Amino acid sequence: MISKKVILTGSFGVGKTSLFRRFIENKFDEKYLTTIGVKVDKKVVEVGDRKLTLIIWDIAGEVKQDKVPTAYFMGTHGLVYVLDLTRPDTYKNIAEDIEYLQKISPKSTIKVVGNKCDLLESEEALEKVLAEIPVPCNFTTSAKTGENVETLFAELSAAMLA
Amino acid sequence: MESKQHNEKPDKLDPSKDKLLEDLRHILLEKDREELERLKYILETPDELEHYTASIIDKRVEQRVERLRQEFRSEFGEPVEKIIEQKIEMSKNELLDVLTPVFGKMIRKYISLQFKLLREQIEKQLKKLKNTPKNFWYWFKSKFTGVNQGDLILEELDKPKIEAIYLIQKQSGLLLGSYARESVADEDMIAGMLTAIKAFVEDAFQKEQQELELIEWENYKVLIQNFNSYYIAVALVGNIPADYRIDLEQSMGAFVEKELQDKNFEEVDSEITQQVSTKIKEHFKLEEAND
Ligand SMILES: Nc1nc2c(ncn2[C@@H]2O[C@H](COP(=O)(O)OP(=O)(O)OP(=O)(O)O)[C@@H](O)[C@H]2O)c(=O)[nH]1
Ligand SMILES: [Mg+2]
């Protein structure tokens, strides 16, 4: 069984810790407790008939990615960039952030995730927001309802093994 | 009498004359009076007064603040920053009260800006330096050793004891092999957290060439020996005499040379991890004379 490092990044309050908790413990909390430093946890996933240990780093959110210590991204296999679909501030820097992340971590698989989709009332509202985001969202998720959270990590795992 | 009479004359005439004059004044000075009333009202009504003067005062304050800002640094920058540093414990208002009589109201703005910047910087540093290791160690201490306080005090008197050894891939923080004296919290997680702390401290101190070699927390010490693509972390309790540390570091070097030369850790695999773990146990057990 092989191990891969995955890092969750993005602006503060977008729901990185919540996605992490939903995925690892299948729990959700409405309370906001901002992450200080880094929390590392792991989960074993199955990709086809292979098993894979995901070592997931949940880091403190920063408005811009160049504020995060570069070393965190070193040796990373998977990068999840989380934004909050209800807060334009959390995706206004996304194009340069993604470019920066690709530069410092060229080997990693990057997935862009629009979280808190449960807060958008309709499909049209979601479409409207998605159109405003400067880069395509690979997934729209909700840590609250669990929507697409498993899919996100399953597809990320598959991509890292490919 | 005459004079009296003469005097009486105007008196008699006065009312109508005065009235006339009064009316005339009214007519002629109506505009001015209105203007005067308005000015009086403005002067006596703080909100109004502010409304009319704010832009002028603001502009002047702005100009003076700008000038002060330019000259301030060279003139007073150093002493003020010193005072700010000394008084950093005090609340913002208290600090401003100390400084205001000296420098006047107009530089309040400048000081509060400087104060804010300084505080932000200090808070950032504190957040960086304090919280991460503390949180981690709190967790580390409770989950990792399972040693109670009494035992720790006894161990203080004893020789150093190796609690755990981790071989960790440098950048990814993935665990390549480990040994633990007692069953511990998840070792993959410890490896990740240690790597995060290491990266953090190295980043915070901007010493790219210099790598973290020792983490201390109460009775715990984690010695770190860096190699090219991985590092070894040894967690110990008790005091570590210098010669013990030198021996341990030599032993780590020997381990890498003897056991890891042929290892390729490109892909971290549980099979490799198990092999390395066994080797760590064999190699370092010899070093644990006190166990
Ligand atoms: N409705 C809704 N709320 C969410 C969702 N995900 C997170 N939240 C809420 O958003 C807030 C912030 O969530 P966190 O997971 O702590 O955010 P974070 O990105 O880890 O924040 P930092 O650690 O400060 O960077 C919390 O109050 C969560 O309950 C979601 O999918 N839907
Ligand atoms: Mg968080």
# chains A, B, ... in the order shown; residues from 1 in each chain; ligands from 1

call {"tool": "residues_near_ligand", "arguments": {"ligand": "ligand 1", "cutoff": "8 Å", "atoms": "only C-alpha atoms and all ligand atoms", "output": "NGL selection string"}}
result
:A and (9-20 or 28-36 or 58-62 or 82 or 115-119 or 141-146)

call {"tool": "interface_residues", "arguments": {"of": "chain A", "to": "chain B", "cutoff": "12 Å", "atoms": "only C-alpha atoms", "output": "number ranges by chain"}}
result
A: 1-7, 35-44, 51-60, 67-78, 105, 108, 160-161

call {"tool": "select_by_dssp", "arguments": {"residues": "segment 97-157 of chain A", "states": "strand (DSSP E or B)", "output": "ChimeraX atom specification"}}
result
/A:109-115,139-140

call {"tool": "write_last_selection", "arguments": {"atoms": "N, CA and C atoms", "output": "PDB file, in the first residue's frame"}}
result
ATOM      1  N   THR A 109      -1.290  16.899  -8.487  1.00  0.00           N
ATOM      2  CA  THR A 109      -2.604  16.995  -9.120  1.00  0.00           C
ATOM      3  C   THR A 109      -3.393  18.063  -8.369  1.00  0.00           C
ATOM      4  N   ILE A 110      -3.866  19.063  -9.096  1.00  0.00           N
ATOM      5  CA  ILE A 110      -4.609  20.135  -8.429  1.00  0.00           C
ATOM      6  C   ILE A 110      -6.099  20.046  -8.757  1.00  0.00           C
ATOM      7  N   LYS A 111      -6.920  20.105  -7.726  1.00  0.00           N
ATOM      8  CA  LYS A 111      -8.373  20.139  -7.932  1.00  0.00           C
ATOM      9  C   LYS A 111      -8.934  21.418  -7.317  1.00  0.00           C
ATOM     10  N   VAL A 112      -9.770  22.087  -8.082  1.00  0.00           N
ATOM     11  CA  VAL A 112     -10.423  23.305  -7.588  1.00  0.00           C
ATOM     12  C   VAL A 112     -11.833  22.933  -7.119  1.00  0.00           C
ATOM     13  N   VAL A 113     -12.119  23.288  -5.874  1.00  0.00           N
ATOM     14  CA  VAL A 113     -13.371  22.879  -5.266  1.00  0.00           C
ATOM     15  C   VAL A 113     -14.166  24.087  -4.784  1.00  0.00           C
ATOM     16  N   GLY A 114     -15.398  24.195  -5.294  1.00  0.00           N
ATOM     17  CA  GLY A 114     -16.319  25.238  -4.815  1.00  0.00           C
ATOM     18  C   GLY A 114     -17.167  24.636  -3.715  1.00  0.00           C
ATOM     19  N   ASN A 115     -16.948  25.094  -2.473  1.00  0.00           N
ATOM     20  CA  ASN A 115     -17.649  24.488  -1.336  1.00  0.00           C
ATOM     21  C   ASN A 115     -18.851  25.340  -0.894  1.00  0.00           C
ATOM     22  N   PHE A 139     -15.064  20.500  -8.817  1.00  0.00           N
ATOM     23  CA  PHE A 139     -16.151  19.940  -8.021  1.00  0.00           C
ATOM     24  C   PHE A 139     -16.879  21.050  -7.298  1.00  0.00           C
ATOM     25  N   THR A 140     -18.189  20.863  -7.121  1.00  0.00           N
ATOM     26  CA  THR A 140     -18.897  21.721  -6.181  1.00  0.00           C
ATOM     27  C   THR A 140     -19.353  20.813  -5.048  1.00  0.00           C
TER      28      THR A 140
END

call {"tool": "atom_distance", "arguments": {"atom1": "atom CA of Gln225 of chain B", "atom2": "atom CA of Asp66 of chain A"}}
result
28.4 Å
